[in-house]
Amino acid sequence: MSAEAAKPLYNNKNPFQATHPVNNKLTGAESEKDTRHHEISLAGSGLVYEAGDALALKATNDPELVELTIQALGCTGDETVKVKDVEKPLREALFRDYVLHFVEKKFIAKLAERGVAKMVELSKPENAAALTAYTNTRHETRDYVDILREFPEVKLTPQEFCDTLRALAIRLYSISSSQKAHPESVHLTVATVRWNAHGRVRRGVASTFLAERWGGEMTAGIFAQTQKHFRLPDDPNTPVIMVGPGTGVAPFRSYLEERQAIGARGKNWLLFGEQRASQDFFYREQFERWQKDGLLSRMDLAFSRDQAEKIYVQTRMKEAGAEIWKWLADGAYFYVCGDKNKMAADVHNELIAIAQTHGGKSPEEAKAFIEEGLMKTEKRYRRDVY
Ligand SMILES: Cc1cc2nc3c(=O)[nH]c(=O)nc-3n(C[C@H](O)[C@H](O)[C@H](O)COP(=O)(O)OP(=O)(O)OC[C@H]3O[C@@H](n4cnc5c(N)ncnc54)[C@H](O)[C@@H]3O)c2cc1C
Ligand SMILES: NC(=O)c1ccc[n+]([C@@H]2O[C@H](COP(=O)([O-])OP(=O)(O)OC[C@H]3O[C@@H](n4cnc5c(N)ncnc54)[C@H](OP(=O)(O)O)[C@@H]3O)[C@@H](O)[C@H]2O)c1
C-alpha cells in the first residue's frame with residue numbers, strides 16, 4: 001500500500017518512541033548559528049513519510065529550568081499535581097507537560113489577584129504593551145523563574161501554578177531525507193534557538209532538546225505530518241525550482257535524494273542562502289556532488305554576509321530572471337521554504353517582478369499570473385514557510 005493510502009500508524013496521541021543516534025553540527029566554529037543535521041531512528045516502527053512531509057516531535061523541557069522553577073516556587077518537586085485528571089509529581093509535569101520559558105497572562109493575573117501591585121497595573125487592558133515589554137521583549141524575555149524571584153513573598157501551591165500554565169505543544173520540522181534513500185531513519189536540519197536574558201541562557205524547547213538533551217538510549221515521541229501541499233510534482237520529468245535559504249533547504253535535500261533514488265529525469269534548480277560560505281554552507285559536499293553528477297542542473301548561492309551589501313536568494317532570482325521565466329514557461333514547479341516573515345514575501349515579490357520584466361506583464365497581470373494562476377489554479381507555486 002502507498003504511503004498516501006495507508007492510515008498513519010502514529011499520531012499525537014500515539015507517537016513512535018524513537019532514538020536519536022546522529023547529531024552533527026552543520027555550521028562552523030565561527031558561525032553565528034548552531035544549525036544541525038539530526039538523524040532519528042525509525043527502526044522497527046513501520047513509520048512512513050514522503051518527501052515534503054514534516055516530522056512532529058514531542059520534546060521535553062530542560063531539566064535545569066525545571067529545577068530552577070521548582071526552587072523559585074519553594075517546592076521540592078515531589079508534590080502531586082493533576083494534569084488533565086492524571087496525578088503526577090510536579091517535577092514530571094513541569095518536565096513534560098507545560099511551557100516554562102515564556103509566561104502566560106493567566107499567571108500575571110494570578111499574581112495580580114494576590115495583590116502584587118506591579119501585576120495589577122500590567123493586567124489593565126490599557127497596559128497591554130507594557131505587559132508585553134515586561135514579559136516578551138526580544139532578548140529580554142522573562143520566565144516564571146525571573147518573576148517568582150522578583151516577588152518571593154507570593155506563594156502559589158503547585159496546582160495553582162500549573163493551572164496558569166500553557167500546555168507544551170509538538171514542534172514540526174521539515175524532513176530533510178528521502179525514505180527511499182534511508183528506509184530506517186528520518187533526517188532533520190534544525191537551527192538551535194538560544195538567547196541570553198537577565199543573566200541566564202534561554203533555550204528553545206525542541207531545537208535544544210535535539211541539540212543538547214536527546215541521545216543514547218533515551219526515546220522521544222515522533223510522528224509524520226503529511227503535507228500534501230508540499231509534495232514533488234507527480235511527473236518525475238517536471239522541472240523544479242527550489243528556493244530554500246537557511247533551514248529552508250531541508251525539504252529540498254529530501255526532494256533531491258528522492259529524485260536521485262527514483263531516477264527522475266526532471267531538471268532541479270536550487271537557490272540556497274546563508275550568512276557565510278565558509279561557516280554556513282550546509283550539506284556543501286552533497287550539493288556539489290549532485291551538481292557534478294548532474295542531479296542538480298543549477299545551484300545559485302547567496303551568502304548574505306560575505307560582502308558589504310546583502311545578497312539574498314531574491315538577488316539571485318533577479319539576476320537569473322530570464323532563466324526562471326523560461327523554466328516556468330516549460331512547466332517548472334516553484335517551491336519556497338524557510339522564513340515566513342521576510343524572506344517568503346520578498347521572494348514572492350521578486351517572482352511577480354520577473355513576470356513583469358521577462359513575461360511582459362503589467363503589474364496587475366503579473367500579480368494575477370503568480371497568485372491566481374501559478375499558485376491557486378495550477379498549484380505549481382508551493383510554499384512551506386514558518
Ligand atoms: C511546517 C514547519 C516546518 C519547520 N521546519 C523547520 C526546519 O526544518 N528547521 C528548523 O530549524 N525549524 C523548522 N521549523 C520551526 C520549528 O518548528 C520550531 O519553531 C523552531 O525549532 C523553534 O522551536 P523551539 O522549540 O526550539 O523553540 P521555542 O521553545 O518554540 O522558542 C522559540 C521562540 O522563542 C522566541 N525567540 C527566539 N529567539 C528569541 C530571542 N532572541 N529573544 C526572545 N525570544 C526569542 C521566538 O518567539 C520563537 O518563536 C518549522 C516549523 C514549521 C511550522
Ligand atoms: N525571530 C528572529 O529574529 C529569527 C532570527 C533568526 C531566525 N529566525 C527564524 O528561524 C527560522 C530558521 O532560520 P534560519 O537559521 O534557517 O535562517 P534565516 O534566519 O532564515 O537566514 C538564512 C539566510 O536568509 C537571509 N535573509 C534574511 N532576511 C532575508 C530576506 N528578507 N530575504 C531573503 N533572505 C533573507 C539571512 O541573511 P542575514 O541573516 O544576513 O540577514 C541568511 O543569509 C526561520 O523561520 C527564521 O525566521 C527567526
# chains A, B, ... in the order shown; residues from 1 in each chain; ligands from 1
>>> closest_atom_pairs(of="chain A", to="ligand 2", cutoff="8 Å", atoms="only C-alpha atoms and all ligand atoms", output="CSV")
residue,atom,partner,partner_atom_place_in_ligand_line,distance
A:Lys33,CA,ligand 2,15 (O),6.9
A:Thr35,CA,ligand 2,15 (O),7.0
A:Val190,CA,ligand 2,16 (O),7.4
A:Ala191,CA,ligand 2,15 (O),5.1
A:Val193,CA,ligand 2,10 (O),7.9
A:Pro245,CA,ligand 2,22 (C),4.8
A:Gly246,CA,ligand 2,16 (O),3.5
A:Thr247,CA,ligand 2,16 (O),3.6
A:Gly248,CA,ligand 2,16 (O),5.8
A:Gly273,CA,ligand 2,43 (O),5.0
A:Glu274,CA,ligand 2,43 (O),3.2
A:Gln275,CA,ligand 2,43 (O),3.9
A:Arg276,CA,ligand 2,43 (O),7.4
A:Ala302,CA,ligand 2,43 (O),7.0
A:Phe303,CA,ligand 2,43 (O),5.6
A:Ser304,CA,ligand 2,40 (O),4.5
A:Arg305,CA,ligand 2,40 (O),5.3
A:Lys310,CA,ligand 2,40 (O),6.7
A:Ile311,CA,ligand 2,43 (O),7.8
A:Tyr312,CA,ligand 2,34 (N),4.6
A:Val313,CA,ligand 2,33 (C),5.5
A:Gln314,CA,ligand 2,33 (C),6.2
A:Gly338,CA,ligand 2,45 (O),5.5
A:Asp339,CA,ligand 2,45 (O),3.8
A:Lys340,CA,ligand 2,47 (O),6.1
A:Asn341,CA,ligand 2,47 (O),6.3
A:Lys342,CA,ligand 2,31 (N),4.2
A:Met343,CA,ligand 2,32 (N),3.5
A:Ala344,CA,ligand 2,32 (N),6.9
A:Ala345,CA,ligand 2,31 (N),7.5
A:Asp346,CA,ligand 2,32 (N),5.7
A:Val347,CA,ligand 2,32 (N),6.8
A:Val385,CA,ligand 2,45 (O),7.2
A:Tyr386,CA,ligand 2,45 (O),4.9
>>> select_by_dssp(residues="segment 28-175 of chain A", states="alpha helix (DSSP H)", output="PyMOL selection string")
chain A and resi 63-73+90-96+105-113+117-122+128-136+144-150+158-162
>>> write_last_selection(atoms="C-alpha atoms", output="PDB file, in the first residue's frame")
ATOM      1  CA  PRO A  63      15.710  19.707  33.454  1.00  0.00           C
ATOM      2  CA  GLU A  64      17.803  22.627  34.754  1.00  0.00           C
ATOM      3  CA  LEU A  65      14.953  25.021  34.050  1.00  0.00           C
ATOM      4  CA  VAL A  66      12.543  22.571  35.682  1.00  0.00           C
ATOM      5  CA  GLU A  67      14.668  22.542  38.865  1.00  0.00           C
ATOM      6  CA  LEU A  68      15.031  26.347  38.887  1.00  0.00           C
ATOM      7  CA  THR A  69      11.265  26.692  38.542  1.00  0.00           C
ATOM      8  CA  ILE A  70      10.642  24.227  41.390  1.00  0.00           C
ATOM      9  CA  GLN A  71      13.087  26.169  43.603  1.00  0.00           C
ATOM     10  CA  ALA A  72      11.527  29.515  42.694  1.00  0.00           C
ATOM     11  CA  LEU A  73       8.129  28.101  43.724  1.00  0.00           C
ATOM     12  CA  LEU A  90       5.177  18.370  39.960  1.00  0.00           C
ATOM     13  CA  ARG A  91       8.682  17.716  38.569  1.00  0.00           C
ATOM     14  CA  GLU A  92       7.319  15.344  35.919  1.00  0.00           C
ATOM     15  CA  ALA A  93       4.521  17.742  34.966  1.00  0.00           C
ATOM     16  CA  LEU A  94       6.941  20.637  34.534  1.00  0.00           C
ATOM     17  CA  PHE A  95       9.319  18.451  32.532  1.00  0.00           C
ATOM     18  CA  ARG A  96       6.759  17.091  30.088  1.00  0.00           C
ATOM     19  CA  LYS A 105      -1.280  36.141  31.145  1.00  0.00           C
ATOM     20  CA  LYS A 106      -3.122  33.797  33.499  1.00  0.00           C
ATOM     21  CA  PHE A 107      -0.019  33.694  35.693  1.00  0.00           C
ATOM     22  CA  ILE A 108       0.256  37.500  35.718  1.00  0.00           C
ATOM     23  CA  ALA A 109      -3.467  37.651  36.595  1.00  0.00           C
ATOM     24  CA  LYS A 110      -2.902  35.192  39.446  1.00  0.00           C
ATOM     25  CA  LEU A 111      -0.186  37.444  40.902  1.00  0.00           C
ATOM     26  CA  ALA A 112      -2.464  40.458  40.453  1.00  0.00           C
ATOM     27  CA  GLU A 113      -5.186  38.552  42.323  1.00  0.00           C
ATOM     28  CA  ALA A 117       0.817  45.976  42.632  1.00  0.00           C
ATOM     29  CA  LYS A 118       3.016  45.771  39.528  1.00  0.00           C
ATOM     30  CA  MET A 119       0.903  42.921  38.151  1.00  0.00           C
ATOM     31  CA  VAL A 120      -2.327  44.743  38.954  1.00  0.00           C
ATOM     32  CA  GLU A 121      -1.051  47.623  36.791  1.00  0.00           C
ATOM     33  CA  LEU A 122       0.238  45.379  33.990  1.00  0.00           C
ATOM     34  CA  ALA A 128      -1.067  45.547  27.250  1.00  0.00           C
ATOM     35  CA  ALA A 129       2.039  46.918  25.508  1.00  0.00           C
ATOM     36  CA  ALA A 130       3.830  47.389  28.835  1.00  0.00           C
ATOM     37  CA  LEU A 131       2.963  43.805  29.798  1.00  0.00           C
ATOM     38  CA  THR A 132       4.431  42.501  26.535  1.00  0.00           C
ATOM     39  CA  ALA A 133       7.514  44.667  27.075  1.00  0.00           C
ATOM     40  CA  TYR A 134       7.919  43.191  30.589  1.00  0.00           C
ATOM     41  CA  THR A 135       7.463  39.545  29.597  1.00  0.00           C
ATOM     42  CA  ASN A 136       8.417  39.289  25.974  1.00  0.00           C
ATOM     43  CA  TYR A 144       8.489  32.067  35.714  1.00  0.00           C
ATOM     44  CA  VAL A 145      11.827  31.884  37.496  1.00  0.00           C
ATOM     45  CA  ASP A 146      12.521  35.589  36.847  1.00  0.00           C
ATOM     46  CA  ILE A 147       9.093  36.673  38.044  1.00  0.00           C
ATOM     47  CA  LEU A 148       8.786  34.345  41.038  1.00  0.00           C
ATOM     48  CA  ARG A 149      12.229  35.529  42.192  1.00  0.00           C
ATOM     49  CA  GLU A 150      11.139  39.155  41.760  1.00  0.00           C
ATOM     50  CA  PRO A 158       1.925  23.614  42.845  1.00  0.00           C
ATOM     51  CA  GLN A 159      -1.588  23.093  41.462  1.00  0.00           C
ATOM     52  CA  GLU A 160      -2.389  26.824  41.410  1.00  0.00           C
ATOM     53  CA  PHE A 161       0.819  27.399  39.495  1.00  0.00           C
ATOM     54  CA  CYS A 162       0.233  24.565  36.996  1.00  0.00           C
TER      55      CYS A 162
END
>>> residues_near_ligand(ligand="ligand 1", cutoff="8 Å", atoms="only C-alpha atoms and all ligand atoms", output="MDAnalysis selection string")
chainID A and resid 35 54 59 99 101 136:141 171:176 188:197 203:209 247:251 338 384:386
>>> write_last_selection(atoms="C-alpha atoms", output="mmCIF file, in the first residue's frame")
data_model
loop_
_atom_site.group_PDB
_atom_site.id
_atom_site.type_symbol
_atom_site.label_atom_id
_atom_site.label_comp_id
_atom_site.auth_asym_id
_atom_site.auth_seq_id
_atom_site.Cartn_x
_atom_site.Cartn_y
_atom_site.Cartn_z
ATOM 1 C CA THR A 35 22.416 24.574 12.851
ATOM 2 C CA ALA A 54 7.218 17.241 8.239
ATOM 3 C CA ALA A 59 10.220 17.378 23.182
ATOM 4 C CA VAL A 99 5.708 25.732 28.674
ATOM 5 C CA HIS A 101 10.284 29.668 29.212
ATOM 6 C CA ASN A 136 8.417 39.289 25.974
ATOM 7 C CA THR A 137 10.887 41.889 24.787
ATOM 8 C CA ARG A 138 13.239 40.235 22.341
ATOM 9 C CA HIS A 139 16.415 39.065 24.163
ATOM 10 C CA GLU A 140 14.870 40.306 27.440
ATOM 11 C CA THR A 141 12.169 37.707 27.873
ATOM 12 C CA ARG A 171 7.165 21.115 17.138
ATOM 13 C CA LEU A 172 7.186 20.468 13.405
ATOM 14 C CA TYR A 173 10.328 20.077 11.308
ATOM 15 C CA SER A 174 10.648 19.714 7.533
ATOM 16 C CA ILE A 175 12.020 16.266 6.813
ATOM 17 C CA SER A 176 15.380 16.560 5.020
ATOM 18 C CA LEU A 188 16.119 16.971 10.130
ATOM 19 C CA THR A 189 18.014 20.245 9.620
ATOM 20 C CA VAL A 190 17.454 22.414 12.666
ATOM 21 C CA ALA A 191 18.657 25.837 13.784
ATOM 22 C CA THR A 192 19.234 25.666 17.556
ATOM 23 C CA VAL A 193 17.386 28.515 19.273
ATOM 24 C CA ARG A 194 19.240 30.077 22.228
ATOM 25 C CA TRP A 195 19.395 33.579 23.621
ATOM 26 C CA ASN A 196 20.515 35.308 26.813
ATOM 27 C CA ALA A 197 18.161 37.237 29.055
ATOM 28 C CA ARG A 203 16.615 27.731 25.217
ATOM 29 C CA GLY A 204 14.037 26.969 22.557
ATOM 30 C CA VAL A 205 12.451 23.743 23.801
ATOM 31 C CA ALA A 206 12.643 21.365 20.860
ATOM 32 C CA SER A 207 15.701 22.638 18.989
ATOM 33 C CA THR A 208 17.851 22.422 22.153
ATOM 34 C CA PHE A 209 16.259 19.097 23.085
ATOM 35 C CA THR A 247 16.974 25.652 7.287
ATOM 36 C CA GLY A 248 14.527 26.194 4.424
ATOM 37 C CA VAL A 249 16.858 23.965 2.413
ATOM 38 C CA ALA A 250 15.729 20.918 4.423
ATOM 39 C CA PRO A 251 12.861 19.651 2.241
ATOM 40 C CA GLY A 338 12.017 28.860 5.290
ATOM 41 C CA ASP A 384 6.154 25.763 3.312
ATOM 42 C CA VAL A 385 7.100 28.747 5.419
ATOM 43 C CA TYR A 386 7.356 29.191 9.177
#
>>> atom_distance(atom1="atom CA of Lys228 of chain A", atom2="atom CA of Ser185 of chain A")
20.6 Å
>>> select_by_dssp(residues="segment 135-358 of chain A", states="strand (DSSP E)", output="PDB file with N, CA and C atoms, in the first residue's frame")
ATOM      1  N   THR A 137      10.030  41.072  25.641  1.00  0.00           N
ATOM      2  CA  THR A 137      10.887  41.889  24.787  1.00  0.00           C
ATOM      3  C   THR A 137      11.997  40.998  24.255  1.00  0.00           C
ATOM      4  N   GLU A 140      15.089  39.949  26.033  1.00  0.00           N
ATOM      5  CA  GLU A 140      14.870  40.306  27.440  1.00  0.00           C
ATOM      6  C   GLU A 140      13.608  39.630  27.959  1.00  0.00           C
ATOM      7  N   THR A 141      13.363  38.440  27.437  1.00  0.00           N
ATOM      8  CA  THR A 141      12.169  37.707  27.873  1.00  0.00           C
ATOM      9  C   THR A 141      12.287  37.335  29.355  1.00  0.00           C
ATOM     10  N   ARG A 171       6.511  20.233  18.116  1.00  0.00           N
ATOM     11  CA  ARG A 171       7.165  21.115  17.138  1.00  0.00           C
ATOM     12  C   ARG A 171       7.244  20.350  15.824  1.00  0.00           C
ATOM     13  N   LEU A 172       7.084  21.081  14.724  1.00  0.00           N
ATOM     14  CA  LEU A 172       7.186  20.468  13.405  1.00  0.00           C
ATOM     15  C   LEU A 172       8.535  20.799  12.776  1.00  0.00           C
ATOM     16  N   TYR A 173       9.091  19.845  12.061  1.00  0.00           N
ATOM     17  CA  TYR A 173      10.328  20.077  11.308  1.00  0.00           C
ATOM     18  C   TYR A 173      10.198  19.479   9.915  1.00  0.00           C
ATOM     19  N   SER A 174      10.626  20.242   8.900  1.00  0.00           N
ATOM     20  CA  SER A 174      10.648  19.714   7.533  1.00  0.00           C
ATOM     21  C   SER A 174      11.592  18.520   7.511  1.00  0.00           C
ATOM     22  N   SER A 185      15.430   5.681   8.737  1.00  0.00           N
ATOM     23  CA  SER A 185      15.684   6.897   9.521  1.00  0.00           C
ATOM     24  C   SER A 185      15.051   8.112   8.884  1.00  0.00           C
ATOM     25  N   VAL A 186      14.943   9.138   9.686  1.00  0.00           N
ATOM     26  CA  VAL A 186      14.401  10.402   9.209  1.00  0.00           C
ATOM     27  C   VAL A 186      15.399  11.490   9.610  1.00  0.00           C
ATOM     28  N   HIS A 187      15.730  12.381   8.648  1.00  0.00           N
ATOM     29  CA  HIS A 187      16.721  13.427   8.907  1.00  0.00           C
ATOM     30  C   HIS A 187      16.042  14.788   9.055  1.00  0.00           C
ATOM     31  N   LEU A 188      16.608  15.599   9.938  1.00  0.00           N
ATOM     32  CA  LEU A 188      16.119  16.971  10.130  1.00  0.00           C
ATOM     33  C   LEU A 188      17.298  17.930  10.037  1.00  0.00           C
ATOM     34  N   THR A 189      16.999  19.192   9.701  1.00  0.00           N
ATOM     35  CA  THR A 189      18.014  20.245   9.620  1.00  0.00           C
ATOM     36  C   THR A 189      17.500  21.388  10.488  1.00  0.00           C
ATOM     37  N   VAL A 190      18.097  21.555  11.656  1.00  0.00           N
ATOM     38  CA  VAL A 190      17.454  22.414  12.666  1.00  0.00           C
ATOM     39  C   VAL A 190      18.400  23.488  13.198  1.00  0.00           C
ATOM     40  N   ALA A 191      17.925  24.719  13.180  1.00  0.00           N
ATOM     41  CA  ALA A 191      18.657  25.837  13.784  1.00  0.00           C
ATOM     42  C   ALA A 191      18.374  25.829  15.286  1.00  0.00           C
ATOM     43  N   ARG A 194      18.767  29.715  20.874  1.00  0.00           N
ATOM     44  CA  ARG A 194      19.240  30.077  22.228  1.00  0.00           C
ATOM     45  C   ARG A 194      19.374  31.587  22.287  1.00  0.00           C
ATOM     46  N   TRP A 195      19.093  32.168  23.428  1.00  0.00           N
ATOM     47  CA  TRP A 195      19.395  33.579  23.621  1.00  0.00           C
ATOM     48  C   TRP A 195      19.666  33.825  25.097  1.00  0.00           C
ATOM     49  N   ASN A 196      20.229  34.966  25.415  1.00  0.00           N
ATOM     50  CA  ASN A 196      20.515  35.308  26.813  1.00  0.00           C
ATOM     51  C   ASN A 196      19.520  36.358  27.263  1.00  0.00           C
ATOM     52  N   ALA A 197      19.043  36.216  28.494  1.00  0.00           N
ATOM     53  CA  ALA A 197      18.161  37.237  29.055  1.00  0.00           C
ATOM     54  C   ALA A 197      18.317  37.224  30.567  1.00  0.00           C
ATOM     55  N   ARG A 200      20.758  34.671  32.245  1.00  0.00           N
ATOM     56  CA  ARG A 200      20.696  33.221  32.034  1.00  0.00           C
ATOM     57  C   ARG A 200      20.496  32.906  30.557  1.00  0.00           C
ATOM     58  N   VAL A 201      21.011  31.739  30.132  1.00  0.00           N
ATOM     59  CA  VAL A 201      20.779  31.290  28.759  1.00  0.00           C
ATOM     60  C   VAL A 201      19.339  30.809  28.660  1.00  0.00           C
ATOM     61  N   ARG A 202      18.648  31.220  27.593  1.00  0.00           N
ATOM     62  CA  ARG A 202      17.276  30.761  27.341  1.00  0.00           C
ATOM     63  C   ARG A 202      17.338  29.801  26.157  1.00  0.00           C
ATOM     64  N   ARG A 203      16.526  28.771  26.240  1.00  0.00           N
ATOM     65  CA  ARG A 203      16.615  27.731  25.217  1.00  0.00           C
ATOM     66  C   ARG A 203      15.261  27.445  24.586  1.00  0.00           C
ATOM     67  N   ALA A 220      12.025   9.609  22.436  1.00  0.00           N
ATOM     68  CA  ALA A 220      11.064  10.723  22.432  1.00  0.00           C
ATOM     69  C   ALA A 220      10.012  10.428  21.380  1.00  0.00           C
ATOM     70  N   GLY A 221       8.842  10.992  21.567  1.00  0.00           N
ATOM     71  CA  GLY A 221       7.718  10.719  20.677  1.00  0.00           C
ATOM     72  C   GLY A 221       7.802  11.499  19.370  1.00  0.00           C
ATOM     73  N   ILE A 222       7.593  10.800  18.270  1.00  0.00           N
ATOM     74  CA  ILE A 222       7.561  11.444  16.953  1.00  0.00           C
ATOM     75  C   ILE A 222       6.400  10.875  16.134  1.00  0.00           C
ATOM     76  N   PHE A 223       5.966  11.641  15.164  1.00  0.00           N
ATOM     77  CA  PHE A 223       5.058  11.111  14.137  1.00  0.00           C
ATOM     78  C   PHE A 223       5.201  11.969  12.890  1.00  0.00           C
ATOM     79  N   ALA A 224       4.814  11.399  11.749  1.00  0.00           N
ATOM     80  CA  ALA A 224       4.953  12.139  10.484  1.00  0.00           C
ATOM     81  C   ALA A 224       3.712  12.981  10.254  1.00  0.00           C
ATOM     82  N   GLN A 225       3.925  14.198   9.798  1.00  0.00           N
ATOM     83  CA  GLN A 225       2.817  15.104   9.466  1.00  0.00           C
ATOM     84  C   GLN A 225       2.753  15.188   7.938  1.00  0.00           C
ATOM     85  N   VAL A 240      11.919  21.427 -11.428  1.00  0.00           N
ATOM     86  CA  VAL A 240      11.573  22.120 -10.187  1.00  0.00           C
ATOM     87  C   VAL A 240      12.625  23.169  -9.837  1.00  0.00           C
ATOM     88  N   ILE A 241      12.125  24.320  -9.373  1.00  0.00           N
ATOM     89  CA  ILE A 241      12.989  25.380  -8.844  1.00  0.00           C
ATOM     90  C   ILE A 241      12.732  25.412  -7.345  1.00  0.00           C
ATOM     91  N   MET A 242      13.800  25.355  -6.539  1.00  0.00           N
ATOM     92  CA  MET A 242      13.642  25.257  -5.086  1.00  0.00           C
ATOM     93  C   MET A 242      14.378  26.405  -4.406  1.00  0.00           C
ATOM     94  N   VAL A 243      13.629  27.254  -3.713  1.00  0.00           N
ATOM     95  CA  VAL A 243      14.237  28.391  -3.012  1.00  0.00           C
ATOM     96  C   VAL A 243      14.229  28.069  -1.522  1.00  0.00           C
ATOM     97  N   ASN A 268      16.515  20.030 -11.871  1.00  0.00           N
ATOM     98  CA  ASN A 268      16.416  20.531 -10.494  1.00  0.00           C
ATOM     99  C   ASN A 268      17.312  21.761 -10.330  1.00  0.00           C
ATOM    100  N   TRP A 269      16.719  22.848  -9.832  1.00  0.00           N
ATOM    101  CA  TRP A 269      17.468  24.093  -9.628  1.00  0.00           C
ATOM    102  C   TRP A 269      17.296  24.509  -8.170  1.00  0.00           C
ATOM    103  N   LEU A 270      18.422  24.620  -7.458  1.00  0.00           N
ATOM    104  CA  LEU A 270      18.371  25.004  -6.034  1.00  0.00           C
ATOM    105  C   LEU A 270      18.928  26.411  -5.845  1.00  0.00           C
ATOM    106  N   LEU A 271      18.189  27.234  -5.104  1.00  0.00           N
ATOM    107  CA  LEU A 271      18.721  28.533  -4.669  1.00  0.00           C
ATOM    108  C   LEU A 271      18.835  28.470  -3.149  1.00  0.00           C
ATOM    109  N   PHE A 272      20.081  28.553  -2.655  1.00  0.00           N
ATOM    110  CA  PHE A 272      20.329  28.442  -1.213  1.00  0.00           C
ATOM    111  C   PHE A 272      21.029  29.702  -0.724  1.00  0.00           C
ATOM    112  N   GLY A 273      20.705  30.131   0.464  1.00  0.00           N
ATOM    113  CA  GLY A 273      21.381  31.291   1.045  1.00  0.00           C
ATOM    114  C   GLY A 273      21.627  31.096   2.519  1.00  0.00           C
ATOM    115  N   GLU A 274      22.720  31.629   2.987  1.00  0.00           N
ATOM    116  CA  GLU A 274      23.003  31.666   4.438  1.00  0.00           C
ATOM    117  C   GLU A 274      23.940  32.847   4.679  1.00  0.00           C
ATOM    118  N   ARG A 298      21.261  23.204 -11.666  1.00  0.00           N
ATOM    119  CA  ARG A 298      21.776  24.541 -11.394  1.00  0.00           C
ATOM    120  C   ARG A 298      21.681  24.803  -9.890  1.00  0.00           C
ATOM    121  N   MET A 299      22.708  25.472  -9.344  1.00  0.00           N
ATOM    122  CA  MET A 299      22.668  25.861  -7.924  1.00  0.00           C
ATOM    123  C   MET A 299      23.153  27.303  -7.839  1.00  0.00           C
ATOM    124  N   ASP A 300      22.311  28.172  -7.268  1.00  0.00           N
ATOM    125  CA  ASP A 300      22.693  29.577  -7.074  1.00  0.00           C
ATOM    126  C   ASP A 300      22.804  29.835  -5.585  1.00  0.00           C
ATOM    127  N   LEU A 301      23.896  30.465  -5.178  1.00  0.00           N
ATOM    128  CA  LEU A 301      24.172  30.663  -3.759  1.00  0.00           C
ATOM    129  C   LEU A 301      24.144  32.136  -3.407  1.00  0.00           C
ATOM    130  N   ALA A 302      23.597  32.435  -2.229  1.00  0.00           N
ATOM    131  CA  ALA A 302      23.501  33.834  -1.795  1.00  0.00           C
ATOM    132  C   ALA A 302      24.009  33.924  -0.353  1.00  0.00           C
ATOM    133  N   PHE A 303      25.288  34.238  -0.191  1.00  0.00           N
ATOM    134  CA  PHE A 303      25.832  34.384   1.163  1.00  0.00           C
ATOM    135  C   PHE A 303      25.747  35.851   1.555  1.00  0.00           C
ATOM    136  N   TYR A 333       7.792  23.669 -11.516  1.00  0.00           N
ATOM    137  CA  TYR A 333       7.157  23.980 -10.233  1.00  0.00           C
ATOM    138  C   TYR A 333       8.133  24.873  -9.468  1.00  0.00           C
ATOM    139  N   PHE A 334       7.568  25.815  -8.695  1.00  0.00           N
ATOM    140  CA  PHE A 334       8.396  26.762  -7.943  1.00  0.00           C
ATOM    141  C   PHE A 334       8.118  26.562  -6.449  1.00  0.00           C
ATOM    142  N   TYR A 335       9.144  26.172  -5.704  1.00  0.00           N
ATOM    143  CA  TYR A 335       8.992  25.859  -4.275  1.00  0.00           C
ATOM    144  C   TYR A 335       9.763  26.859  -3.411  1.00  0.00           C
ATOM    145  N   VAL A 336       9.155  27.233  -2.277  1.00  0.00           N
ATOM    146  CA  VAL A 336       9.830  28.117  -1.322  1.00  0.00           C
ATOM    147  C   VAL A 336       9.668  27.527   0.078  1.00  0.00           C
ATOM    148  N   CYS A 337      10.785  27.479   0.827  1.00  0.00           N
ATOM    149  CA  CYS A 337      10.704  27.017   2.218  1.00  0.00           C
ATOM    150  C   CYS A 337      11.624  27.855   3.096  1.00  0.00           C
ATOM    151  N   GLY A 338      11.194  28.127   4.324  1.00  0.00           N
ATOM    152  CA  GLY A 338      12.017  28.860   5.290  1.00  0.00           C
ATOM    153  C   GLY A 338      11.248  30.000   5.935  1.00  0.00           C
TER     154      GLY A 338
END
>>> atom_distance(atom1="atom CA of Gln279 of chain A", atom2="atom CA of His182 of chain A")
26.7 Å
>>> residues_around(residues="segment 353-367 of chain A", least_positions_apart="6", cutoff="9 Å", atoms="only C-alpha atoms", output="list in words")
Met317, Lys318, Gly321, Ala322, Ile324, Trp325 and Lys326 of chain A
>>> residues_around(residues="Tyr381 of chain A", least_positions_apart="2", cutoff="10 Å", atoms="only C-alpha atoms", output="list in words")
His229, Phe230, Val240, Ile241, Leu328, Ala332, Tyr333, Phe334, Tyr335, Val336, His348, Ile370, Glu371, Gly373, Leu374, Met375, Lys376, Thr377, Glu378, Lys379 and Arg383 of chain A
>>> decode(residues="segment 90-111 of chain A", atoms="C-alpha atoms", output="PDB file, in the first residue's frame")
ATOM      1  CA  LEU A  90       5.177  18.370  39.960  1.00  0.00           C
ATOM      2  CA  ARG A  91       8.682  17.716  38.569  1.00  0.00           C
ATOM      3  CA  GLU A  92       7.319  15.344  35.919  1.00  0.00           C
ATOM      4  CA  ALA A  93       4.521  17.742  34.966  1.00  0.00           C
ATOM      5  CA  LEU A  94       6.941  20.637  34.534  1.00  0.00           C
ATOM      6  CA  PHE A  95       9.319  18.451  32.532  1.00  0.00           C
ATOM      7  CA  ARG A  96       6.759  17.091  30.088  1.00  0.00           C
ATOM      8  CA  ASP A  97       3.503  18.989  30.056  1.00  0.00           C
ATOM      9  CA  TYR A  98       3.955  22.743  30.266  1.00  0.00           C
ATOM     10  CA  VAL A  99       5.708  25.732  28.674  1.00  0.00           C
ATOM     11  CA  LEU A 100       8.199  27.133  31.182  1.00  0.00           C
ATOM     12  CA  HIS A 101      10.284  29.668  29.212  1.00  0.00           C
ATOM     13  CA  PHE A 102       7.509  32.177  28.401  1.00  0.00           C
ATOM     14  CA  VAL A 103       4.876  33.356  30.880  1.00  0.00           C
ATOM     15  CA  GLU A 104       1.127  33.267  30.455  1.00  0.00           C
ATOM     16  CA  LYS A 105      -1.280  36.141  31.145  1.00  0.00           C
ATOM     17  CA  LYS A 106      -3.122  33.797  33.499  1.00  0.00           C
ATOM     18  CA  PHE A 107      -0.019  33.694  35.693  1.00  0.00           C
ATOM     19  CA  ILE A 108       0.256  37.500  35.718  1.00  0.00           C
ATOM     20  CA  ALA A 109      -3.467  37.651  36.595  1.00  0.00           C
ATOM     21  CA  LYS A 110      -2.902  35.192  39.446  1.00  0.00           C
ATOM     22  CA  LEU A 111      -0.186  37.444  40.902  1.00  0.00           C
TER      23      LEU A 111
END
